[in-house]
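Structure below is data.cif: mmCIF, C-alpha atoms (C1' of nucleotides).
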```
data_data
loop_
_atom_site.label_atom_id
_atom_site.label_comp_id
_atom_site.auth_asym_id
_atom_site.auth_seq_id
_atom_site.Cartn_x
_atom_site.Cartn_y
_atom_site.Cartn_z
CA MET A 11 -10.81 -17.22 -19.36
CA THR A 12 -11.83 -19.20 -16.33
CA LEU A 13 -9.41 -20.92 -14.05
CA GLN A 14 -10.71 -24.35 -13.31
CA ARG A 15 -9.83 -26.03 -10.11
CA ARG A 16 -7.50 -28.93 -10.15
CA GLY A 17 -7.46 -31.59 -7.54
CA SER A 18 -10.65 -32.79 -5.98
CA GLY A 19 -10.93 -34.98 -9.02
CA GLY A 20 -8.75 -37.34 -7.12
CA GLN A 21 -5.64 -36.88 -9.15
CA GLY A 22 -4.04 -34.24 -6.99
CA PRO A 23 -0.48 -34.84 -5.91
CA ARG A 24 -0.64 -36.11 -2.40
CA ASP A 25 2.64 -36.71 -0.71
CA GLU A 26 2.51 -38.07 2.75
CA GLY A 27 6.18 -38.37 3.43
CA ASP A 28 6.48 -36.21 6.50
CA GLY A 29 3.81 -35.29 8.91
CA THR A 30 3.73 -31.56 8.70
CA GLU A 31 4.14 -30.74 5.05
CA ALA A 32 0.99 -29.80 3.24
CA ASP A 33 -0.17 -32.10 0.52
CA THR A 34 -0.95 -29.46 -1.99
CA GLY A 35 2.25 -29.02 -3.92
CA LEU A 36 2.27 -25.34 -3.04
CA ARG A 37 5.34 -23.86 -1.45
CA LEU A 38 5.19 -20.19 -0.58
CA ASP A 39 8.89 -19.57 -1.12
CA GLY A 40 8.69 -20.81 -4.66
CA TYR A 41 5.39 -19.18 -5.49
CA LEU A 42 5.95 -16.61 -8.17
CA PRO A 43 3.45 -13.96 -7.06
CA TYR A 44 5.00 -14.11 -3.62
CA ARG A 45 8.55 -13.82 -4.92
CA LEU A 46 7.49 -10.97 -7.14
CA SER A 47 5.76 -9.09 -4.37
CA VAL A 48 8.62 -9.50 -1.92
CA ALA A 49 11.23 -8.42 -4.44
CA SER A 50 9.15 -5.45 -5.52
CA ASN A 51 8.53 -4.36 -1.95
CA ALA A 52 12.22 -4.53 -1.15
CA VAL A 53 13.20 -2.52 -4.20
CA SER A 54 10.35 -0.05 -3.94
CA GLY A 55 11.05 0.53 -0.30
CA LEU A 56 14.66 1.25 -1.00
CA ILE A 57 13.87 3.65 -3.80
CA ALA A 58 10.98 5.31 -2.00
CA ARG A 59 13.11 6.03 1.03
CA ALA A 60 15.83 7.51 -1.11
CA TYR A 61 13.49 9.89 -2.93
CA GLU A 62 11.63 10.81 0.20
CA ASP A 63 14.66 11.41 2.37
CA ARG A 64 16.75 13.33 -0.04
CA PHE A 65 14.22 15.16 -2.16
CA GLY A 66 10.90 14.99 -0.37
CA LEU A 67 9.31 13.22 -3.29
CA THR A 68 6.92 10.32 -3.24
CA VAL A 69 7.33 7.64 -5.86
CA PRO A 70 4.24 8.79 -7.79
CA GLN A 71 5.57 12.32 -7.79
CA TRP A 72 8.88 11.10 -9.10
CA ARG A 73 7.09 9.22 -11.87
CA LEU A 74 5.29 12.39 -12.84
CA LEU A 75 8.57 14.25 -13.07
CA CYS A 76 9.95 11.47 -15.24
CA VAL A 77 7.17 11.31 -17.76
CA LEU A 78 6.98 15.06 -18.01
CA ALA A 79 10.71 15.21 -18.53
CA GLU A 80 10.46 12.57 -21.20
CA ASP A 81 7.33 13.58 -23.01
CA GLY A 82 6.90 17.26 -22.31
CA GLY A 83 3.47 18.67 -21.49
CA LEU A 84 0.75 16.16 -20.70
CA THR A 85 -2.69 16.22 -19.20
CA GLN A 86 -3.45 14.08 -16.19
CA VAL A 87 -5.40 11.64 -18.27
CA GLN A 88 -2.42 11.21 -20.51
CA ILE A 89 -0.22 10.63 -17.50
CA VAL A 90 -2.62 8.04 -16.17
CA ALA A 91 -2.47 6.25 -19.50
CA ARG A 92 1.27 6.58 -19.73
CA THR A 93 2.14 5.40 -16.24
CA VAL A 94 0.11 2.81 -14.44
CA MET A 95 -1.30 4.96 -11.70
CA ASP A 96 -4.73 5.78 -10.41
CA LYS A 97 -6.13 9.12 -11.45
CA VAL A 98 -6.52 10.10 -7.81
CA THR A 99 -2.86 9.36 -7.22
CA VAL A 100 -1.92 11.43 -10.23
CA SER A 101 -4.15 14.27 -9.10
CA ARG A 102 -2.63 14.41 -5.65
CA SER A 103 0.91 14.03 -6.91
CA ALA A 104 0.37 16.85 -9.35
CA GLN A 105 -1.03 19.09 -6.64
CA GLY A 106 2.02 18.50 -4.51
CA LEU A 107 4.39 19.22 -7.36
CA VAL A 108 2.52 22.36 -8.35
CA LYS A 109 2.71 23.58 -4.79
CA ARG A 110 6.46 23.10 -4.85
CA ARG A 111 6.68 24.84 -8.22
CA LEU A 112 8.26 21.82 -9.83
CA ILE A 113 5.53 21.61 -12.41
CA ALA A 114 3.08 24.17 -13.75
CA ARG A 115 -0.40 23.91 -15.19
CA SER A 116 -1.37 25.81 -18.25
CA GLN A 117 -4.77 26.19 -19.82
CA ASN A 118 -5.61 23.53 -22.32
CA ALA A 119 -7.09 25.37 -25.25
CA ALA A 120 -8.53 22.18 -26.63
CA ASP A 121 -10.42 21.20 -23.50
CA GLY A 122 -11.50 23.42 -20.66
CA ARG A 123 -11.69 20.56 -18.19
CA SER A 124 -8.07 19.67 -18.29
CA HIS A 125 -4.81 21.51 -18.00
CA VAL A 126 -1.46 20.75 -19.47
CA LEU A 127 1.21 19.90 -16.96
CA ALA A 128 4.82 20.65 -17.68
CA LEU A 129 8.04 20.89 -15.74
CA THR A 130 9.18 24.25 -14.54
CA PRO A 131 12.88 25.03 -14.80
CA GLU A 132 13.17 24.00 -11.15
CA GLY A 133 11.40 20.76 -11.91
CA ARG A 134 13.67 20.09 -14.81
CA ALA A 135 16.70 20.82 -12.67
CA LEU A 136 15.50 18.50 -9.92
CA HIS A 137 14.82 15.75 -12.39
CA ALA A 138 18.27 16.16 -13.86
CA GLU A 139 19.70 15.97 -10.38
CA ILE A 140 17.84 12.86 -9.35
CA ALA A 141 18.13 10.90 -12.58
CA PRO A 142 21.77 9.91 -12.14
CA LEU A 143 21.01 8.72 -8.65
CA ALA A 144 18.08 6.68 -9.90
CA LEU A 145 20.29 5.12 -12.52
CA ALA A 146 22.94 4.43 -9.91
CA TYR A 147 20.39 2.60 -7.80
CA GLU A 148 19.35 0.53 -10.75
CA ALA A 149 22.97 -0.21 -11.55
CA ALA A 150 23.64 -1.26 -7.98
CA LEU A 151 20.61 -3.52 -7.98
CA ILE A 152 21.58 -5.31 -11.15
CA SER A 153 25.29 -5.40 -10.49
CA GLY A 154 26.33 -8.97 -10.88
CA LEU A 155 23.66 -9.67 -13.47
CA SER A 156 24.54 -9.93 -17.09
CA PRO A 157 22.94 -7.43 -19.47
CA GLU A 158 21.20 -10.35 -21.12
CA ASP A 159 19.70 -11.40 -17.82
CA VAL A 160 18.49 -7.88 -17.20
CA LYS A 161 16.91 -7.63 -20.59
CA LEU A 162 15.24 -10.97 -20.14
CA LEU A 163 14.05 -9.98 -16.69
CA LYS A 164 12.39 -6.86 -18.01
CA ARG A 165 10.77 -8.81 -20.79
CA LEU A 166 9.46 -11.43 -18.41
CA LEU A 167 8.09 -8.75 -16.12
CA MET A 168 6.25 -7.20 -19.03
CA ARG A 169 4.77 -10.54 -19.93
CA LEU A 170 3.61 -11.14 -16.39
CA GLN A 171 2.01 -7.74 -16.34
CA THR A 172 0.23 -8.43 -19.59
CA ALA A 173 -0.91 -11.84 -18.45
CA ALA A 174 -2.21 -10.44 -15.18
CA GLY A 175 -4.07 -7.73 -17.03
CA GLN A 176 -5.69 -10.22 -19.33
CA LEU A 177 -6.64 -12.56 -16.52
CA SER A 178 -7.97 -9.64 -14.57
CA GLY A 179 -10.29 -7.31 -16.38
CA GLU A 180 -9.72 -8.60 -19.86
CA ALA A 181 -8.51 -5.06 -20.34
CA GLU A 182 -6.14 -5.13 -23.22
CA PRO A 183 -2.44 -5.27 -22.50
CA PRO A 184 -1.04 -1.99 -21.26
CA ARG A 185 -0.54 0.49 -24.00
CA SER A 186 1.71 2.55 -21.84
CA LEU A 187 4.98 1.35 -23.28
CA GLY A 188 5.97 3.48 -26.17
CA MET B 24 27.90 1.10 0.65
CA THR B 25 27.58 4.45 -0.98
CA LEU B 26 26.15 5.01 -4.38
CA GLN B 27 28.39 7.29 -6.30
CA ARG B 28 26.93 9.25 -9.12
CA ARG B 29 27.73 8.23 -12.61
CA GLY B 30 27.56 10.48 -15.56
CA SER B 31 29.42 13.67 -15.23
CA GLY B 32 32.42 11.45 -15.66
CA GLY B 33 31.68 11.61 -19.32
CA GLN B 34 30.84 7.99 -20.05
CA GLY B 35 27.07 8.18 -19.58
CA PRO B 36 24.85 7.46 -22.54
CA ARG B 37 23.72 10.81 -23.80
CA ASP B 38 21.22 10.84 -26.59
CA GLU B 39 20.32 14.15 -28.05
CA GLY B 40 18.23 12.96 -30.92
CA ASP B 41 14.91 14.68 -30.39
CA GLY B 42 14.11 17.91 -28.74
CA THR B 43 11.82 16.91 -25.93
CA GLU B 44 13.61 13.90 -24.56
CA ALA B 45 15.43 14.47 -21.36
CA ASP B 46 19.16 14.33 -21.54
CA THR B 47 19.57 12.07 -18.58
CA GLY B 48 19.52 8.65 -20.16
CA LEU B 49 16.64 7.68 -17.90
CA ARG B 50 13.52 6.26 -19.45
CA LEU B 51 10.76 5.33 -17.08
CA ASP B 52 9.47 2.47 -19.21
CA GLY B 53 12.81 0.77 -19.13
CA TYR B 54 13.59 1.50 -15.51
CA LEU B 55 13.75 -1.75 -13.63
CA PRO B 56 12.25 -0.65 -10.32
CA TYR B 57 9.34 0.77 -12.25
CA ARG B 58 8.83 -2.36 -14.32
CA LEU B 59 9.07 -4.47 -11.21
CA SER B 60 6.57 -2.39 -9.30
CA VAL B 61 4.07 -2.31 -12.13
CA ALA B 62 4.29 -6.04 -12.73
CA SER B 63 4.01 -6.80 -9.05
CA ASN B 64 1.01 -4.52 -8.63
CA ALA B 65 -0.75 -6.15 -11.55
CA VAL B 66 -0.13 -9.64 -10.28
CA SER B 67 -0.80 -8.84 -6.64
CA GLY B 68 -4.00 -7.08 -7.52
CA LEU B 69 -5.20 -10.06 -9.48
CA ILE B 70 -4.38 -12.49 -6.72
CA ALA B 71 -5.65 -10.29 -3.93
CA ARG B 72 -9.01 -9.84 -5.62
CA ALA B 73 -9.34 -13.57 -6.11
CA TYR B 74 -8.65 -14.40 -2.47
CA GLU B 75 -10.77 -11.59 -1.20
CA ASP B 76 -13.77 -12.21 -3.41
CA ARG B 77 -13.95 -15.95 -3.11
CA PHE B 78 -12.63 -16.61 0.35
CA GLY B 79 -12.64 -13.35 2.25
CA LEU B 80 -8.92 -13.56 2.80
CA THR B 81 -6.35 -10.82 2.57
CA VAL B 82 -3.01 -11.65 1.04
CA PRO B 83 -1.22 -11.56 4.41
CA GLN B 84 -3.83 -13.92 5.83
CA TRP B 85 -3.31 -16.25 2.93
CA ARG B 86 0.42 -16.20 3.54
CA LEU B 87 -0.16 -17.14 7.14
CA LEU B 88 -2.28 -20.08 6.09
CA CYS B 89 0.46 -21.14 3.71
CA VAL B 90 3.34 -21.07 6.11
CA LEU B 91 1.33 -22.75 8.82
CA ALA B 92 0.28 -25.43 6.37
CA GLU B 93 3.87 -25.91 5.34
CA ASP B 94 5.67 -25.65 8.62
CA GLY B 95 3.11 -26.53 11.25
CA GLY B 96 2.88 -24.51 14.45
CA LEU B 97 4.80 -21.26 14.53
CA THR B 98 4.93 -18.21 16.72
CA GLN B 99 4.33 -14.82 15.18
CA VAL B 100 7.98 -13.94 15.39
CA GLN B 101 8.79 -17.07 13.45
CA ILE B 102 6.20 -16.14 10.86
CA VAL B 103 7.67 -12.68 10.56
CA ALA B 104 11.08 -14.22 9.96
CA ARG B 105 9.70 -16.77 7.54
CA THR B 106 7.62 -14.47 5.42
CA VAL B 107 8.60 -10.90 4.77
CA MET B 108 5.84 -9.16 6.64
CA ASP B 109 5.64 -6.58 9.35
CA LYS B 110 4.87 -7.88 12.82
CA VAL B 111 1.81 -5.66 12.97
CA THR B 112 0.53 -7.16 9.75
CA VAL B 113 1.11 -10.63 11.10
CA SER B 114 -0.61 -9.75 14.34
CA ARG B 115 -3.70 -8.44 12.63
CA SER B 116 -3.83 -11.24 10.12
CA ALA B 117 -3.60 -13.78 12.90
CA GLN B 118 -6.39 -12.10 14.83
CA GLY B 119 -8.65 -12.27 11.82
CA LEU B 120 -7.89 -15.91 11.20
CA VAL B 121 -8.40 -16.81 14.84
CA LYS B 122 -11.75 -15.07 14.77
CA ARG B 123 -12.74 -17.18 11.81
CA ARG B 124 -11.47 -20.32 13.51
CA LEU B 125 -9.05 -21.01 10.70
CA ILE B 126 -6.11 -21.01 13.05
CA ALA B 127 -5.82 -21.51 16.79
CA ARG B 128 -3.39 -20.26 19.39
CA SER B 129 -1.99 -22.54 22.00
CA GLN B 130 0.15 -21.70 24.99
CA ASN B 131 3.83 -21.72 24.31
CA ALA B 132 5.37 -23.59 27.18
CA ALA B 133 8.80 -22.26 26.33
CA ASP B 134 7.81 -18.59 26.40
CA GLY B 135 4.87 -17.01 28.12
CA ARG B 136 4.89 -13.99 25.82
CA SER B 137 4.15 -15.85 22.66
CA HIS B 138 1.66 -18.41 21.53
CA VAL B 139 1.96 -21.10 18.93
CA LEU B 140 -0.30 -20.66 15.94
CA ALA B 141 -1.51 -23.67 14.03
CA LEU B 142 -4.19 -24.42 11.48
CA THR B 143 -7.48 -25.78 12.66
CA PRO B 144 -9.09 -28.52 10.58
CA GLU B 145 -11.17 -25.82 8.93
CA GLY B 146 -8.05 -23.84 8.19
CA ARG B 147 -6.38 -26.86 6.74
CA ALA B 148 -9.42 -27.57 4.61
CA LEU B 149 -9.56 -24.02 3.33
CA HIS B 150 -5.89 -24.05 2.51
CA ALA B 151 -6.32 -27.30 0.62
CA GLU B 152 -9.21 -25.76 -1.25
CA ILE B 153 -7.39 -22.60 -2.24
CA ALA B 154 -4.00 -24.05 -3.05
CA PRO B 155 -4.99 -25.54 -6.41
CA LEU B 156 -6.51 -22.24 -7.41
CA ALA B 157 -3.35 -20.42 -6.42
CA LEU B 158 -1.31 -22.82 -8.48
CA ALA B 159 -3.69 -22.39 -11.39
CA TYR B 160 -3.19 -18.64 -11.25
CA GLU B 161 0.54 -19.08 -11.25
CA ALA B 162 0.28 -21.48 -14.16
CA ALA B 163 -1.86 -19.03 -16.10
CA LEU B 164 0.57 -16.22 -15.44
CA ILE B 165 3.58 -18.14 -16.65
CA SER B 166 1.88 -19.90 -19.49
CA GLY B 167 3.96 -19.25 -22.53
CA LEU B 168 7.16 -19.04 -20.54
CA SER B 169 9.61 -21.87 -20.56
CA PRO B 170 10.35 -23.57 -17.24
CA GLU B 171 13.91 -22.33 -17.59
CA ASP B 172 12.72 -18.77 -17.93
CA VAL B 173 10.56 -19.16 -14.87
CA LYS B 174 13.39 -20.58 -12.83
CA LEU B 175 15.67 -17.81 -13.97
CA LEU B 176 13.02 -15.22 -13.20
CA LYS B 177 12.67 -16.45 -9.65
CA ARG B 178 16.40 -16.48 -9.21
CA LEU B 179 16.73 -12.96 -10.52
CA LEU B 180 13.95 -11.78 -8.24
CA MET B 181 15.74 -13.29 -5.28
CA ARG B 182 18.92 -11.53 -6.25
CA LEU B 183 17.16 -8.21 -6.57
CA GLN B 184 15.63 -8.70 -3.17
CA THR B 185 19.01 -9.48 -1.66
CA ALA B 186 20.64 -6.55 -3.37
CA ALA B 187 17.91 -4.20 -2.21
CA GLY B 188 18.25 -5.48 1.33
CA GLN B 189 21.97 -4.94 1.32
CA LEU B 190 21.70 -1.48 -0.17
CA SER B 191 19.01 -0.64 2.31
CA GLY B 192 19.78 -1.37 5.91
CA GLU B 193 22.84 -3.43 5.39
CA ALA B 194 20.66 -6.00 7.05
CA GLU B 195 21.93 -9.33 5.96
CA PRO B 196 20.18 -11.05 3.08
CA PRO B 197 16.80 -12.46 3.99
CA ARG B 198 17.09 -15.65 5.91
CA SER B 199 13.50 -16.49 5.20
CA LEU B 200 14.03 -18.94 2.42
CA GLY B 201 14.43 -22.38 3.80
"C1'" DG C 4 16.09 -12.29 44.44
"C1'" DC C 5 16.19 -7.68 42.04
"C1'" DC C 6 16.75 -4.64 38.54
"C1'" DA C 7 18.13 -3.26 33.67
"C1'" DT C 8 17.44 -4.55 29.32
"C1'" DA C 9 15.54 -7.31 25.57
"C1'" DT C 10 11.80 -9.46 23.27
"C1'" DA C 11 6.61 -11.03 21.81
"C1'" DG C 12 2.74 -9.10 20.73
"C1'" DT C 13 -0.88 -5.32 20.66
"C1'" DT C 14 -2.58 -0.67 20.38
"C1'" DT C 15 -2.43 3.92 18.75
"C1'" DC C 16 -1.76 7.23 15.45
"C1'" DA C 17 -0.47 9.34 11.24
"C1'" DT C 18 -0.33 8.59 6.42
"C1'" DA C 19 -1.30 6.30 1.87
"C1'" DT C 20 -4.50 4.34 -1.07
"C1'" DG C 21 -8.36 3.80 -4.12
"C1'" DA C 22 -13.51 3.35 -4.72
"C1'" DT C 23 -17.25 6.40 -5.00
"C1'" DA C 24 -19.49 10.61 -5.35
"C1'" DC C 25 -19.22 15.05 -7.00
"C1'" DT C 26 -18.23 19.44 -10.07
"C1'" DA C 27 -17.26 21.33 -14.35
"C1'" DT C 28 -16.79 21.08 -19.15
"C1'" DA C 29 -17.65 18.60 -23.65
"C1'" DT C 30 -20.32 16.41 -27.19
"C1'" DG C 31 -23.94 14.59 -29.90
"C1'" DG C 32 -29.04 13.97 -30.91
"C1'" DG C 33 -33.13 16.04 -31.50
"C1'" DC D 2 -30.61 25.65 -28.28
"C1'" DC D 3 -31.44 21.98 -24.85
"C1'" DC D 4 -30.81 17.96 -22.80
"C1'" DA D 5 -28.59 13.28 -21.99
"C1'" DT D 6 -24.47 11.36 -21.56
"C1'" DA D 7 -19.42 11.19 -21.31
"C1'" DT D 8 -15.17 12.78 -19.60
"C1'" DA D 9 -11.27 15.58 -16.69
"C1'" DG D 10 -10.26 16.31 -12.42
"C1'" DT D 11 -11.25 16.81 -7.29
"C1'" DA D 12 -13.18 15.69 -2.77
"C1'" DT D 13 -14.85 12.36 0.50
"C1'" DC D 14 -14.73 8.27 2.88
"C1'" DA D 15 -13.46 3.78 4.29
"C1'" DT D 16 -9.62 0.78 4.61
"C1'" DA D 17 -4.65 -0.65 4.73
"C1'" DT D 18 -0.21 0.17 6.29
"C1'" DG D 19 3.68 0.68 9.37
"C1'" DA D 20 6.21 3.55 12.94
"C1'" DA D 21 6.24 4.29 17.63
"C1'" DA D 22 4.44 3.67 22.10
"C1'" DC D 23 2.88 0.39 25.23
"C1'" DT D 24 2.11 -4.19 28.05
"C1'" DA D 25 3.71 -8.40 29.50
"C1'" DT D 26 7.15 -11.75 29.93
"C1'" DA D 27 12.12 -13.23 29.73
"C1'" DT D 28 16.99 -13.02 30.74
"C1'" DG D 29 21.40 -11.82 32.46
"C1'" DG D 30 24.36 -9.22 35.84
"C1'" DC D 31 24.97 -8.50 40.45
#
```

Can you give me the file's structure in the form of structure tokens?
Amino acid sequence: MTLQRRGSGGQGPRDEGDGTEADTGLRLDGYLPYRLSVASNAVSGLIARAYEDRFGLTVPQWRLLCVLAEDGGLTQVQIVARTVMDKVTVSRSAQGLVKRRLIARSQNAADGRSHVLALTPEGRALHAEIAPLALAYEAALISGLSPEDVKLLKRLLMRLQTAAGQLSGEAEPPRSLG
Amino acid sequence: MTLQRRGSGGQGPRDEGDGTEADTGLRLDGYLPYRLSVASNAVSGLIARAYEDRFGLTVPQWRLLCVLAEDGGLTQVQIVARTVMDKVTVSRSAQGLVKRRLIARSQNAADGRSHVLALTPEGRALHAEIAPLALAYEAALISGLSPEDVKLLKRLLMRLQTAAGQLSGEAEPPRSLG
DNA sequence: GCCATATAGTTTCATATGATACTATATGGG
DNA sequence: CCCATATAGTATCATATGAAACTATATGGC
């Protein structure tokens, strides 16, 4: 799909009420990508600081712990497909977690290039310790929102993600969601 | 505010259906901060590539153009307050735009430390050229969503941002939105 | 007026990120 | 079996980011 320009055909909305306001109909505060980015940065920053301060985990590392806790042993390629992270990010996160003995690699009989990553008991314990906190953060963030609003919000976010993916590489919508 | 743990009180959702699933009630795919981050990254990446490829602008630079187009001359501190960007980011963005003659600094009579930034004619022209494209991207992203959904989405994003800010530094909710 | 403190903006530095190149293993055609 | 190509994962490099230090100006107490 190609995004064709509007305007310049002469039909653009031109308001000349006040002197300073732009005549483009674009207001940053109401611009969805901006709102999305600002909200995400605020939330991510909050969460990232919490994981970093209390547990010495980066967000990618925490995601690794989560998917391994959920799905059991996975290779890095599987983790890349499952989460939406770069393979370099996954590689580095895994190295850090291995070093801390929170995950372990085991030989992958089926493929000598890859290893299977899985939580160690310590990793499982840490995940179990952090998870309630993560849920508490989520609960605090959405306190005041109705469950219906939250469900709708998640659905809308998924749709934005899919739309962005399609507009971008024409890569098919993310298959990551079970 | 302190986040008290849930669970352990006995009312947490505990599913023990399958063997591998963690017993924490946390699923990454349904975790709001994760969904938010992934959606934001997808959208931001799309937008950033567009501005970079076609106009050689970073997203922060584009935001500067926007707020200066909307509000007229501003100092960097005002831009920091208006957008949600670090002062270093604003400083560097401004330097780049000045170098390209898209904005100009003028002496601030009221304060010798700061200068007033304003769009040059070229900057105004570029903003007017990009704005329709930006709006087209937004339109493409939300195509298929009802206007009510979009309005609700923006409102929910604002609330998340406010909640994150309060949970974070106890800094008061962002005053950036006019 | 003079100094202590605050603020606007820049520079420096340490870290995070991802594109690209690289190594090692896999796989299929001949 | 051998080679061309693909893939899993790592290393390298160039860039982006923001915290903290720094410079220059402002402001208020005395």

Q) Residues picked by the PyMOL selection byres ((chain B) within 9 of (chain C)) here, as a list in words? A) Thr98, Gln99, Val100, Lys110, Val111, Ser114, Asp134, Gly135, Arg136, Ser137 and His138 of chain B

Q.
Taking every C-alpha atom in sequence order, what RMSD do you get when chain A is least-squares fitted onto chain B?
A. 0.9 Å

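The gap separating CA of Lys122 in chain B from CA of Phe78 in chain B is 14.5 Å, in Å to one decimal.
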
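Residues with any atom within 6 Å of the point (5.3, 20.4, -21.9), counting only C-alpha atoms (C1' of nucleotides), are Gly82, Gly83 and Ala128 of chain A.
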
**Q.** Proximity to Val94 in chain A - best of B:Ala133, B:Leu125, B:Asn64, B:Asp172, only C-alpha atoms
**A.**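 Looking at the shortest contact to Val94 in chain A, the residue is B:Asn64.
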
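Going from CA of Ala135 in chain A over to CA of Ala114 in chain A, you cover 14.1 Å.
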
(Q) Given all atoms listed in the file as the basis, pick out the residue of D:DT18, D:DT6, D:DT11, D:DT28 nearest to chain B. (A)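 Nearest candidate to chain B out of D:DT18, D:DT6, D:DT11, D:DT28: D:DT18.
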
Output as AutoDock Vina command-line options the centre and edge lengths (Å, one decimal) of the box along x, y and z of the file that holds every listed atom of range 94-109 of chain A after adding 5 Å on each side.
```
--center_x -1.1 --center_y 13.2 --center_z -9.5 --size_x 20.9 --size_y 30.8 --size_z 19.9
```

Kindly provide the residues of chain D that approach chain B to within 12 Å, each paired with its closest atom pair and their distance in Å to one decimal, based on only C-alpha atoms (C1' of nucleotides), listed by chain and increasing number, as a Markdown table.
```
| residue | atom | partner | partner_atom | distance |
| --- | --- | --- | --- | --- |
| D:DA17 | C1' | B:Thr112 | CA | 9.7 |
| D:DT18 | C1' | B:Thr112 | CA | 8.1 |
| D:DG19 | C1' | B:Asp109 | CA | 7.5 |
| D:DA20 | C1' | B:Val111 | CA | 10.2 |
| D:DA21 | C1' | B:Val111 | CA | 11.8 |
| D:DT24 | C1' | B:Arg136 | CA | 10.4 |
| D:DA25 | C1' | B:Arg136 | CA | 6.8 |
| D:DT26 | C1' | B:Arg136 | CA | 5.2 |
| D:DA27 | C1' | B:Asp134 | CA | 7.6 |
| D:DT28 | C1' | B:Asp134 | CA | 11.6 |
```

Q) Which distance in Å separates CA of Ile165 in chain B and CA of Leu170 in chain A, to one decimal? A) 7.0 Å

Q: Determine the nearest neighbour of chain B from the options A:Gly133, A:Pro157, A:Pro142, A:Pro70, counting all atoms listed in the file.
A: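 Looking at the shortest contact to chain B, the residue is A:Pro142.
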
Q: Give me the residues within 12 Å of Ser166 in chain B as a ChimeraX atom specification, counting only C-alpha atoms (C1' of nucleotides) and dropping any in the same chain fewer than 3 places off.
A: /A:166,169-170,172-174,177 /B:158-163,169-170,172-173

Q: Just say which residues the PyMOL selection byres ((chain A and resi 40-42) around 9) picks in this file, as a ChimeraX atom specification.
A: /A:36-39,43-47 /B:157-158,161,165,173,176-177
